[in-house]
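Pasted below: query30.pdb, PDB, C-alpha atoms.
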ATOM      1  CA  MET J   1     -23.387  -5.544  10.319
ATOM      2  CA  ALA J   2     -26.671  -3.864  11.118
ATOM      3  CA  GLY J   3     -26.374  -1.298   8.313
ATOM      4  CA  ASP J   4     -25.699  -3.951   5.700
ATOM      5  CA  GLY J   5     -28.587  -6.057   6.835
ATOM      6  CA  ARG J   6     -30.936  -3.150   6.405
ATOM      7  CA  ILE J   7     -29.747  -2.354   2.906
ATOM      8  CA  PHE J   8     -30.081  -5.984   1.923
ATOM      9  CA  LEU J   9     -33.593  -6.071   3.295
ATOM     10  CA  LEU J  10     -34.562  -2.962   1.350
ATOM     11  CA  LYS J  11     -33.170  -4.332  -1.883
ATOM     12  CA  GLY J  12     -34.878  -7.638  -1.296
ATOM     13  CA  ARG J  13     -38.253  -6.014  -0.812
ATOM     14  CA  THR J  14     -38.068  -3.486  -3.612
ATOM     15  CA  ARG J  15     -37.698  -6.290  -6.107
ATOM     16  CA  GLY J  16     -41.283  -6.711  -7.142
ATOM     17  CA  ALA J  17     -42.652  -5.314  -3.880
ATOM     18  CA  PRO J  18     -45.079  -2.408  -3.750
ATOM     19  CA  VAL J  19     -43.719   1.030  -3.020
ATOM     20  CA  ASP J  20     -45.630   1.400   0.224
ATOM     21  CA  GLU J  21     -43.674  -1.535   1.648
ATOM     22  CA  LEU J  22     -40.461   0.310   0.850
ATOM     23  CA  ILE J  23     -41.767   3.345   2.671
ATOM     24  CA  PHE J  24     -42.696   1.067   5.579
ATOM     25  CA  ASP J  25     -39.113  -0.212   5.658
ATOM     26  CA  LEU J  26     -37.743   3.309   5.548
ATOM     27  CA  LEU J  27     -39.936   4.403   8.412
ATOM     28  CA  PHE J  28     -39.229   1.417  10.602
ATOM     29  CA  PHE J  29     -35.518   0.974  10.006
ATOM     30  CA  LEU J  30     -33.910   4.141   8.724
ATOM     31  CA  VAL J  31     -35.803   6.747  10.724
ATOM     32  CA  PRO J  32     -35.291   5.175  14.188
ATOM     33  CA  LEU J  33     -31.593   4.725  13.450
ATOM     34  CA  ILE J  34     -31.210   8.362  12.406
ATOM     35  CA  VAL J  35     -33.203   9.578  15.406
ATOM     36  CA  CYS J  36     -31.035   7.331  17.588
ATOM     37  CA  GLY J  37     -27.911   8.924  16.084
ATOM     38  CA  LEU J  38     -29.441  12.379  16.382
ATOM     39  CA  ILE J  39     -30.307  12.093  20.067
ATOM     40  CA  ILE J  40     -27.739   9.726  21.584
ATOM     41  CA  GLY J  41     -24.931  10.480  19.107
ATOM     42  CA  ARG J  42     -25.228  14.238  19.591
ATOM     43  CA  THR J  43     -25.321  13.844  23.377
ATOM     44  CA  VAL J  44     -22.245  11.598  23.373
ATOM     45  CA  GLU J  45     -20.426  14.067  21.135
ATOM     46  CA  ARG J  46     -21.391  17.123  23.169
ATOM     47  CA  ARG J  47     -20.315  15.450  26.403
ATOM     48  CA  HIS J  48     -17.033  14.352  24.882
ATOM     49  CA  LEU J  49     -16.275  17.841  23.549
ATOM     50  CA  ALA J  50     -17.090  19.433  26.914
ATOM     51  CA  GLY J  51     -14.833  16.903  28.648
ATOM     52  CA  LEU J  52     -12.029  17.581  26.170
ATOM     53  CA  THR J  53     -12.210  21.342  26.689
ATOM     54  CA  GLU J  54     -12.161  20.880  30.448
ATOM     55  CA  ARG J  55      -9.213  18.486  30.429
ATOM     56  CA  GLU J  56      -7.283  20.659  27.974
ATOM     57  CA  ALA J  57      -7.759  23.691  30.221
ATOM     58  CA  ALA J  58      -6.558  21.689  33.233
ATOM     59  CA  ASN J  59      -3.427  20.605  31.351
ATOM     60  CA  SER J  60      -2.578  23.873  29.616
ATOM     61  CA  HIS J  61       0.703  24.169  31.550
ATOM     62  CA  ILE J  62       2.129  21.071  29.831
ATOM     63  CA  LEU J  63       4.426  21.984  26.941
ATOM     64  CA  ILE J  64       3.480  20.088  23.785
ATOM     65  CA  THR J  65       5.697  20.344  20.721
ATOM     66  CA  GLN J  66       6.359  18.241  17.705
ATOM     67  CA  LEU J  67      10.012  19.321  17.578
ATOM     68  CA  LYS J  68      12.555  16.528  17.396
ATOM     69  CA  SER J  69      14.790  18.241  19.960
ATOM     70  CA  PHE J  70      13.946  18.791  23.629
ATOM     71  CA  PRO J  71      13.040  22.504  23.866
ATOM     72  CA  MET J  72      13.724  24.047  27.311
ATOM     73  CA  VAL J  73      14.857  20.733  28.754
ATOM     74  CA  ALA J  74      15.620  20.726  32.481
ATOM     75  CA  ALA J  75      19.165  20.137  33.663
ATOM     76  CA  LEU J  76      17.959  17.635  36.213
ATOM     77  CA  GLY J  77      14.998  15.351  36.020
ATOM     78  CA  PRO J  78      13.913  11.832  35.200
ATOM     79  CA  ASP J  79      15.083  10.143  31.983
ATOM     80  CA  PRO J  80      12.902  10.937  28.964
ATOM     81  CA  ALA J  81      10.333   8.248  28.230
ATOM     82  CA  LEU J  82       8.141   7.238  25.335
ATOM     83  CA  VAL J  83       4.424   7.832  25.719
ATOM     84  CA  VAL J  84       1.921   6.185  23.392
ATOM     85  CA  ALA J  85      -1.868   6.428  23.251
ATOM     86  CA  GLU J  86      -4.550   4.844  21.124
ATOM     87  CA  VAL J  87      -8.067   6.081  20.467
ATOM     88  CA  VAL J  88     -10.832   4.510  18.428
ATOM     89  CA  ILE J  89     -14.067   6.496  18.174
ATOM     90  CA  ALA J  90     -17.102   5.279  16.312
ATOM     91  CA  SER J  91     -19.285   7.393  14.115
ATOM     92  CA  ASP J  92     -23.007   7.397  14.816
ATOM     93  CA  TYR J  93     -25.707   6.513  12.347
ATOM     94  CA  LEU J  94     -26.668  10.107  11.647
ATOM     95  CA  LYS J  95     -23.084  11.033  10.766
ATOM     96  CA  THR J  96     -22.748   8.039   8.471
ATOM     97  CA  PHE J  97     -26.050   8.919   6.830
ATOM     98  CA  LEU J  98     -25.084  12.581   6.351
ATOM     99  CA  ALA J  99     -21.740  11.542   4.884
ATOM    100  CA  SER J 100     -23.420   9.251   2.375
ATOM    101  CA  TRP J 101     -25.485  12.244   1.200
ATOM    102  CA  ARG J 102     -22.418  14.456   1.091
ATOM    103  CA  LYS J 103     -20.721  11.912  -1.138
ATOM    104  CA  ILE J 104     -23.320  12.593  -3.826
ATOM    105  CA  PHE J 105     -22.762  16.359  -3.940
ATOM    106  CA  GLY J 106     -19.153  16.554  -2.766
ATOM    107  CA  GLY J 107     -17.662  19.033  -0.321
ATOM    108  CA  GLU J 108     -16.556  18.926   3.271
ATOM    109  CA  VAL J 109     -17.994  16.137   5.374
ATOM    110  CA  LYS J 110     -18.286  18.220   8.536
ATOM    111  CA  SER J 111     -19.622  15.404  10.704
ATOM    112  CA  PHE J 112     -16.565  13.270  10.004
ATOM    113  CA  SER J 113     -14.171  16.232  10.328
ATOM    114  CA  ARG J 114     -15.475  16.743  13.851
ATOM    115  CA  LEU J 115     -15.130  13.029  14.597
ATOM    116  CA  GLN J 116     -11.479  13.016  13.507
ATOM    117  CA  THR J 117     -10.718  16.154  15.505
ATOM    118  CA  ARG J 118     -12.259  14.607  18.602
ATOM    119  CA  ALA J 119     -10.131  11.481  18.240
ATOM    120  CA  LYS J 120      -6.959  13.520  17.806
ATOM    121  CA  ARG J 121      -7.646  15.788  20.767
ATOM    122  CA  GLU J 122      -8.447  12.750  22.911
ATOM    123  CA  ALA J 123      -5.212  11.035  21.836
ATOM    124  CA  VAL J 124      -3.063  14.052  22.724
ATOM    125  CA  LEU J 125      -4.823  14.325  26.088
ATOM    126  CA  ARG J 126      -4.049  10.691  26.808
ATOM    127  CA  LEU J 127      -0.397  11.361  26.026
ATOM    128  CA  ILE J 128      -0.481  14.277  28.477
ATOM    129  CA  GLU J 129      -2.138  12.195  31.183
ATOM    130  CA  GLN J 130       0.458   9.453  30.781
ATOM    131  CA  ALA J 131       3.281  11.989  30.923
ATOM    132  CA  LYS J 132       1.809  13.567  34.054
ATOM    133  CA  ALA J 133       1.501  10.149  35.702
ATOM    134  CA  GLY J 134       5.195   9.589  34.991
ATOM    135  CA  GLY J 135       6.145  12.906  36.634
ATOM    136  CA  PHE J 136       6.925  14.775  33.393
ATOM    137  CA  ASN J 137       5.728  18.226  32.374
ATOM    138  CA  ALA J 138       6.496  18.353  28.649
ATOM    139  CA  ILE J 139       6.150  16.227  25.538
ATOM    140  CA  CYS J 140       8.148  16.654  22.347
ATOM    141  CA  ASN J 141       8.064  14.954  18.960
ATOM    142  CA  VAL J 142       4.338  14.299  19.077
ATOM    143  CA  ARG J 143       3.224  12.100  16.189
ATOM    144  CA  LEU J 144      -0.354  11.355  15.248
ATOM    145  CA  ASP J 145      -0.847   8.396  12.963
ATOM    146  CA  THR J 146      -4.015   6.843  11.688
ATOM    147  CA  VAL J 147      -4.513   3.125  12.084
ATOM    148  CA  ASP J 148      -6.390   0.808   9.798
ATOM    149  CA  ILE J 149      -8.162  -1.775  11.941
ATOM    150  CA  GLY J 150      -9.423  -4.691   9.987
ATOM    151  CA  GLY J 151      -9.222  -3.292   6.515
ATOM    152  CA  ALA J 152     -10.890  -0.103   5.405
ATOM    153  CA  THR J 153     -11.050  -1.718   2.007
ATOM    154  CA  SER J 154     -13.409  -4.440   3.179
ATOM    155  CA  SER J 155     -17.017  -3.739   2.334
ATOM    156  CA  GLY J 156     -19.412  -2.719   5.051
ATOM    157  CA  LYS J 157     -16.727  -1.339   7.292
ATOM    158  CA  PHE J 158     -18.009   1.042   9.900
ATOM    159  CA  PRO J 159     -16.685   4.570   9.760
ATOM    160  CA  MET J 160     -14.464   5.206  12.769
ATOM    161  CA  ALA J 161     -11.586   7.462  13.708
ATOM    162  CA  THR J 162      -8.520   5.523  14.835
ATOM    163  CA  ILE J 163      -5.464   7.370  16.072
ATOM    164  CA  LEU J 164      -2.138   6.105  17.355
ATOM    165  CA  ALA J 165      -0.270   8.969  19.033
ATOM    166  CA  SER J 166       3.291   8.872  20.308
ATOM    167  CA  GLY J 167       5.698  11.342  21.859
ATOM    168  CA  THR J 168       8.650  11.645  24.190
ATOM    169  CA  ALA J 169       7.899  12.923  27.690
ATOM    170  CA  TYR J 170      10.525  14.930  29.571
ATOM    171  CA  CYS J 171      10.868  17.727  32.092
ATOM    172  CA  VAL J 172      11.217  21.421  31.271
ATOM    173  CA  GLY J 173      12.973  23.845  33.579
ATOM    174  CA  PRO J 174      16.278  25.673  33.865
ATOM    175  CA  SER J 175      18.153  24.565  30.712
ATOM    176  CA  LEU J 176      21.342  22.515  30.606
TER     177      LEU J 176
ATOM    178  CA  MET B 177      15.974   0.868  29.073
ATOM    179  CA  ILE B 178      15.385   4.411  27.798
ATOM    180  CA  VAL B 179      12.904   4.513  24.931
ATOM    181  CA  THR B 180      12.193   7.706  22.983
ATOM    182  CA  ASN B 181      10.822   8.649  19.598
ATOM    183  CA  THR B 182      13.386  11.427  19.242
ATOM    184  CA  GLU B 183      16.784  10.942  17.605
ATOM    185  CA  THR B 184      18.652  11.945  20.741
ATOM    186  CA  VAL B 185      18.080  11.613  24.459
ATOM    187  CA  ALA B 186      18.270  14.812  26.507
ATOM    188  CA  GLY B 187      21.071  14.614  29.080
ATOM    189  CA  TYR B 188      22.703  11.652  27.361
ATOM    190  CA  GLU B 189      25.084  11.167  24.476
ATOM    191  CA  ILE B 190      25.035   8.237  22.113
ATOM    192  CA  VAL B 191      28.344   6.370  22.330
ATOM    193  CA  GLU B 192      27.569   3.277  20.301
ATOM    194  CA  LEU B 193      25.070   2.306  17.616
ATOM    195  CA  LYS B 194      23.744  -1.227  17.740
ATOM    196  CA  GLY B 195      21.498  -1.129  14.688
ATOM    197  CA  MET B 196      17.804  -1.307  14.012
ATOM    198  CA  VAL B 197      15.527  -3.357  16.216
ATOM    199  CA  GLN B 198      11.954  -4.257  15.423
ATOM    200  CA  GLY B 199       8.932  -6.056  16.723
ATOM    201  CA  ASN B 200       5.629  -6.806  15.118
ATOM    202  CA  THR B 201       2.369  -8.511  15.871
ATOM    203  CA  VAL B 202      -0.749  -9.279  13.897
ATOM    204  CA  ARG B 203      -3.836  -9.464  16.029
ATOM    205  CA  ALA B 204      -7.391 -10.302  15.190
ATOM    206  CA  LYS B 205     -10.376  -8.975  17.005
ATOM    207  CA  HIS B 206     -12.884 -11.565  18.045
ATOM    208  CA  ALA B 207     -16.415 -11.628  16.737
ATOM    209  CA  GLY B 208     -17.869 -10.334  20.003
ATOM    210  CA  ARG B 209     -15.973  -7.114  19.591
ATOM    211  CA  ASP B 210     -17.247  -6.755  16.051
ATOM    212  CA  ILE B 211     -20.821  -7.116  17.216
ATOM    213  CA  ALA B 212     -20.288  -4.595  20.016
ATOM    214  CA  ALA B 213     -18.670  -2.235  17.515
ATOM    215  CA  SER B 214     -21.573  -2.526  15.100
ATOM    216  CA  LEU B 215     -23.977  -1.541  17.881
ATOM    217  CA  LYS B 216     -21.723   1.317  18.941
ATOM    218  CA  ASN B 217     -21.761   2.567  15.366
ATOM    219  CA  LEU B 218     -25.418   3.467  15.690
ATOM    220  CA  VAL B 219     -24.942   5.826  18.612
ATOM    221  CA  GLY B 220     -21.290   6.873  18.409
ATOM    222  CA  GLY B 221     -18.728   6.964  21.192
ATOM    223  CA  GLU B 222     -15.435   5.268  21.876
ATOM    224  CA  LEU B 223     -14.938   1.690  20.741
ATOM    225  CA  LYS B 224     -13.146   0.491  23.858
ATOM    226  CA  GLY B 225     -12.666  -3.024  22.488
ATOM    227  CA  TYR B 226     -10.700  -1.741  19.522
ATOM    228  CA  THR B 227      -8.725   0.698  21.656
ATOM    229  CA  GLU B 228      -7.736  -2.202  23.920
ATOM    230  CA  LEU B 229      -6.819  -4.295  20.897
ATOM    231  CA  LEU B 230      -4.482  -1.545  19.722
ATOM    232  CA  THR B 231      -2.948  -1.103  23.181
ATOM    233  CA  GLU B 232      -2.300  -4.831  23.516
ATOM    234  CA  SER B 233      -0.764  -5.019  20.030
ATOM    235  CA  ARG B 234       1.436  -2.030  20.668
ATOM    236  CA  ARG B 235       2.689  -3.456  23.994
ATOM    237  CA  GLU B 236       3.411  -6.810  22.378
ATOM    238  CA  ALA B 237       5.286  -5.240  19.440
ATOM    239  CA  MET B 238       7.290  -3.001  21.760
ATOM    240  CA  GLN B 239       8.170  -5.908  24.042
ATOM    241  CA  ARG B 240       9.563  -7.815  21.081
ATOM    242  CA  MET B 241      11.515  -4.767  19.969
ATOM    243  CA  LEU B 242      12.955  -4.228  23.445
ATOM    244  CA  ALA B 243      13.897  -7.918  23.730
ATOM    245  CA  GLN B 244      15.945  -7.545  20.560
ATOM    246  CA  ALA B 245      17.605  -4.411  21.892
ATOM    247  CA  GLN B 246      18.477  -6.202  25.121
ATOM    248  CA  GLN B 247      19.989  -9.061  23.158
ATOM    249  CA  LEU B 248      22.213  -6.573  21.349
ATOM    250  CA  GLY B 249      23.349  -5.173  24.681
ATOM    251  CA  ALA B 250      21.807  -1.747  24.142
ATOM    252  CA  ASN B 251      20.588   0.426  26.995
ATOM    253  CA  ALA B 252      18.335   2.685  24.930
ATOM    254  CA  VAL B 253      16.155   2.622  21.831
ATOM    255  CA  VAL B 254      15.802   5.936  20.000
ATOM    256  CA  ASN B 255      13.664   7.166  17.107
ATOM    257  CA  VAL B 256      10.929   4.612  17.717
ATOM    258  CA  ARG B 257       8.219   4.577  15.061
ATOM    259  CA  PHE B 258       4.960   2.686  14.736
ATOM    260  CA  THR B 259       3.329   1.636  11.531
ATOM    261  CA  THR B 260       0.180  -0.330  11.001
ATOM    262  CA  SER B 261      -1.358  -2.206   8.153
ATOM    263  CA  ALA B 262      -4.545  -4.152   7.703
ATOM    264  CA  VAL B 263      -3.414  -7.592   6.627
ATOM    265  CA  THR B 264      -6.892  -8.872   5.980
ATOM    266  CA  SER B 265     -10.289  -7.704   7.099
ATOM    267  CA  GLY B 266     -10.480  -8.433  10.808
ATOM    268  CA  ALA B 267      -6.753  -8.480  11.538
ATOM    269  CA  ALA B 268      -4.340  -5.590  11.920
ATOM    270  CA  GLU B 269      -0.577  -5.547  12.055
ATOM    271  CA  LEU B 270       1.283  -3.246  14.382
ATOM    272  CA  TYR B 271       4.965  -2.847  13.725
ATOM    273  CA  ALA B 272       7.342  -1.001  16.059
ATOM    274  CA  TYR B 273      10.905  -0.219  15.063
ATOM    275  CA  GLY B 274      13.729   1.891  16.383
ATOM    276  CA  THR B 275      17.483   2.165  16.660
ATOM    277  CA  ALA B 276      19.208   0.383  19.525
ATOM    278  CA  VAL B 277      22.037   2.451  21.004
ATOM    279  CA  ILE B 278      24.255   2.691  24.044
ATOM    280  CA  VAL B 279      23.914   6.052  25.777
ATOM    281  CA  ARG B 280      26.000   7.628  28.499
ATOM    282  CA  PRO B 281      25.063  10.575  30.733
ATOM    283  CA  VAL B 282      26.693  13.829  29.591
ATOM    284  CA  GLN B 283      29.347  14.932  32.074
TER     285      GLN B 283
END
Show how you would write the structure in this file as C-alpha cells.
Amino acid sequence: MAGDGRIFLLKGRTRGAPVDELIFDLLFFLVPLIVCGLIIGRTVERRHLAGLTEREAANSHILITQLKSFPMVAALGPDPALVVAEVVIASDYLKTFLASWRKIFGGEVKSFSRLQTRAKREAVLRLIEQAKAGGFNAICNVRLDTVDIGGATSSGKFPMATILASGTAYCVGPSL
Amino acid sequence: MIVTNTETVAGYEIVELKGMVQGNTVRAKHAGRDIAASLKNLVGGELKGYTELLTESRREAMQRMLAQAQQLGANAVVNVRFTTSAVTSGAAELYAYGTAVIVRPVQ
C-alpha cells in the first residue's frame, strides 16, 4: 500500500509540523510518483494501444457478435466451444491522481475510461486468439463482465480494470 | 463434452435436459501478489498475478461444473455463465453455472 503510506506520512507530519516540511514531502513523494506515472505509465499505455490496433487489424476477418444464435454457421466444422479470457490492468499513479482531482469537480474521468476500454479490447482479442488456436473463425454471444478482486469496498484498493470475457467459438461458412 | 454460453449448439439438437450444474471456488491472492500489484499501480500495465488468479479460479469452477454434468450423464453444458463476488478483501469468488443437456447431431 504505497499510496496509503504516503498519505499517512503527510497527515502525520502536518500535525504540528511546519508547512515547508509538507512541501518537502510533496516534492519528494508525490512529484516522483506522478512523473513516474507520466513517463512510464504513458509509454506502457501507448505501447499497449499500438499493439491492440495491430492485433485487431490482423484479426479483422474473425466474425464477432453478441447474438445468442450462430449467425452464418458452417454446415461442417468442429463442435462449438466456450472461450473465456481474463484481463486485469492496473492504473498508473498519474491516472489515479487525475481521477482524485476529477472527483472534486465531477465529469468524465477520461484516464479511467481509456483504461477500461483497453482492458475490454484486450479481453476480446484474447477470446479471438483462443478461438483461432482452436481452429474457429467466429465467436458469438460475447459477454464482458467486470470482476471484483478482493473487494472494491475495502479501503486503499488500487484502481484497476478487471474483465472476464466469454463467448462461443464456431466456424462460419456455407450455412446449414 | 461440448460447452457453450449460447442456449443452443449449432449442428446439434437438445434431446434431454439434465438440469442446472454449478461449480464455485473462492481463492485468495497471496501477499506477494499484493505487493507486486501495489508497485505495478505506480506505473500501470497488466497485473499478471491477478490475471492468473482469475484464470485458475475459472478453470477450477468450470472443472467442478463439468464434473457435476458428467455425473448426471450429460454430454453438453449450454448457457454457461460466470459471476464473481468479493467475499472479503483479498479473496474473490468465481461461480460458473450452466444447464447440463444431452445433445444429438442433427440429421
Select all residues from chain B having any atom no more than 10 Å from an atom of chain J (counting all atoms listed in the file, ignoring ligands), output as a PDB file with C-alpha atoms, keeping the file's coordinate frame.
ATOM      1  CA  MET B 177      15.974   0.868  29.073  1.00  0.00           C
ATOM      2  CA  ILE B 178      15.385   4.411  27.798  1.00  0.00           C
ATOM      3  CA  VAL B 179      12.904   4.513  24.931  1.00  0.00           C
ATOM      4  CA  THR B 180      12.193   7.706  22.983  1.00  0.00           C
ATOM      5  CA  ASN B 181      10.822   8.649  19.598  1.00  0.00           C
ATOM      6  CA  THR B 182      13.386  11.427  19.242  1.00  0.00           C
ATOM      7  CA  GLU B 183      16.784  10.942  17.605  1.00  0.00           C
ATOM      8  CA  THR B 184      18.652  11.945  20.741  1.00  0.00           C
ATOM      9  CA  VAL B 185      18.080  11.613  24.459  1.00  0.00           C
ATOM     10  CA  ALA B 186      18.270  14.812  26.507  1.00  0.00           C
ATOM     11  CA  GLY B 187      21.071  14.614  29.080  1.00  0.00           C
ATOM     12  CA  TYR B 188      22.703  11.652  27.361  1.00  0.00           C
ATOM     13  CA  ARG B 203      -3.836  -9.464  16.029  1.00  0.00           C
ATOM     14  CA  ALA B 204      -7.391 -10.302  15.190  1.00  0.00           C
ATOM     15  CA  LYS B 205     -10.376  -8.975  17.005  1.00  0.00           C
ATOM     16  CA  ASP B 210     -17.247  -6.755  16.051  1.00  0.00           C
ATOM     17  CA  ILE B 211     -20.821  -7.116  17.216  1.00  0.00           C
ATOM     18  CA  ALA B 213     -18.670  -2.235  17.515  1.00  0.00           C
ATOM     19  CA  SER B 214     -21.573  -2.526  15.100  1.00  0.00           C
ATOM     20  CA  LEU B 215     -23.977  -1.541  17.881  1.00  0.00           C
ATOM     21  CA  LYS B 216     -21.723   1.317  18.941  1.00  0.00           C
ATOM     22  CA  ASN B 217     -21.761   2.567  15.366  1.00  0.00           C
ATOM     23  CA  LEU B 218     -25.418   3.467  15.690  1.00  0.00           C
ATOM     24  CA  VAL B 219     -24.942   5.826  18.612  1.00  0.00           C
ATOM     25  CA  GLY B 220     -21.290   6.873  18.409  1.00  0.00           C
ATOM     26  CA  GLY B 221     -18.728   6.964  21.192  1.00  0.00           C
ATOM     27  CA  GLU B 222     -15.435   5.268  21.876  1.00  0.00           C
ATOM     28  CA  LEU B 223     -14.938   1.690  20.741  1.00  0.00           C
ATOM     29  CA  LYS B 224     -13.146   0.491  23.858  1.00  0.00           C
ATOM     30  CA  GLY B 225     -12.666  -3.024  22.488  1.00  0.00           C
ATOM     31  CA  TYR B 226     -10.700  -1.741  19.522  1.00  0.00           C
ATOM     32  CA  THR B 227      -8.725   0.698  21.656  1.00  0.00           C
ATOM     33  CA  GLU B 228      -7.736  -2.202  23.920  1.00  0.00           C
ATOM     34  CA  LEU B 229      -6.819  -4.295  20.897  1.00  0.00           C
ATOM     35  CA  LEU B 230      -4.482  -1.545  19.722  1.00  0.00           C
ATOM     36  CA  THR B 231      -2.948  -1.103  23.181  1.00  0.00           C
ATOM     37  CA  ARG B 234       1.436  -2.030  20.668  1.00  0.00           C
ATOM     38  CA  ARG B 235       2.689  -3.456  23.994  1.00  0.00           C
ATOM     39  CA  VAL B 253      16.155   2.622  21.831  1.00  0.00           C
ATOM     40  CA  VAL B 254      15.802   5.936  20.000  1.00  0.00           C
ATOM     41  CA  ASN B 255      13.664   7.166  17.107  1.00  0.00           C
ATOM     42  CA  VAL B 256      10.929   4.612  17.717  1.00  0.00           C
ATOM     43  CA  ARG B 257       8.219   4.577  15.061  1.00  0.00           C
ATOM     44  CA  PHE B 258       4.960   2.686  14.736  1.00  0.00           C
ATOM     45  CA  THR B 259       3.329   1.636  11.531  1.00  0.00           C
ATOM     46  CA  THR B 260       0.180  -0.330  11.001  1.00  0.00           C
ATOM     47  CA  SER B 261      -1.358  -2.206   8.153  1.00  0.00           C
ATOM     48  CA  ALA B 262      -4.545  -4.152   7.703  1.00  0.00           C
ATOM     49  CA  VAL B 263      -3.414  -7.592   6.627  1.00  0.00           C
ATOM     50  CA  THR B 264      -6.892  -8.872   5.980  1.00  0.00           C
ATOM     51  CA  SER B 265     -10.289  -7.704   7.099  1.00  0.00           C
ATOM     52  CA  GLY B 266     -10.480  -8.433  10.808  1.00  0.00           C
ATOM     53  CA  ALA B 267      -6.753  -8.480  11.538  1.00  0.00           C
ATOM     54  CA  ALA B 268      -4.340  -5.590  11.920  1.00  0.00           C
ATOM     55  CA  GLU B 269      -0.577  -5.547  12.055  1.00  0.00           C
ATOM     56  CA  LEU B 270       1.283  -3.246  14.382  1.00  0.00           C
TER      57      LEU B 270
END
Discussion item. For the PyMOL selection byres ((chain B and resi 277) around 10), applied here, can you spell out every residue it catches as a PyMOL selection string?
Written reply: chain B and resi 178+189-197+245+248-254+274-276+278-280
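Between CA of Arg126 (chain J) and CA of Ile139 (chain J) the interatomic distance comes to 11.7 Å.
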Worksheet entry | Length of the CA of Ala272 (chain B) to CA of Met241 (chain B) vector [Å] | 6.8 Å
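Considering the residues J:Thr53, J:Ile62, J:Val31, J:Ile23 and counting all atoms listed in the file, Ile128 (chain J) has its shortest atom-to-atom contact with J:Ile62.
Restricting the calculation to all atoms listed in the file, the smallest distance between Leu52 (chain J) and any of J:Ala123, J:Asp25, J:Ala133, J:Trp101 is found for J:Ala123.
What separates CA of Leu127 (chain J) from CA of Val282 (chain B) is a distance of 27.4 Å.
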Fill in: Best match for closeness to Lys120 (chain J) among J:Leu144, J:Ala57, J:Ile64, J:Met72, counting only C-alpha atoms
J:Leu144
Discussion item. At a cut-off of 7 Å, using all atoms listed in the file, what residues contact Arg240 (chain B)? Leave out same-chain residues fewer than 4 positions from it and give the result as a PyMOL selection string.
Written reply: chain B and resi 199+236+244
Atoms kept (C-alpha atoms) for selection, written as a compact mmCIF listing (two decimals), keeping the file's coordinate frame:
# COMPACT_ATOMS: atom_id res chain seq x y z
CA GLY B 199 8.93 -6.06 16.72
CA GLU B 236 3.41 -6.81 22.38
CA GLN B 244 15.94 -7.54 20.56
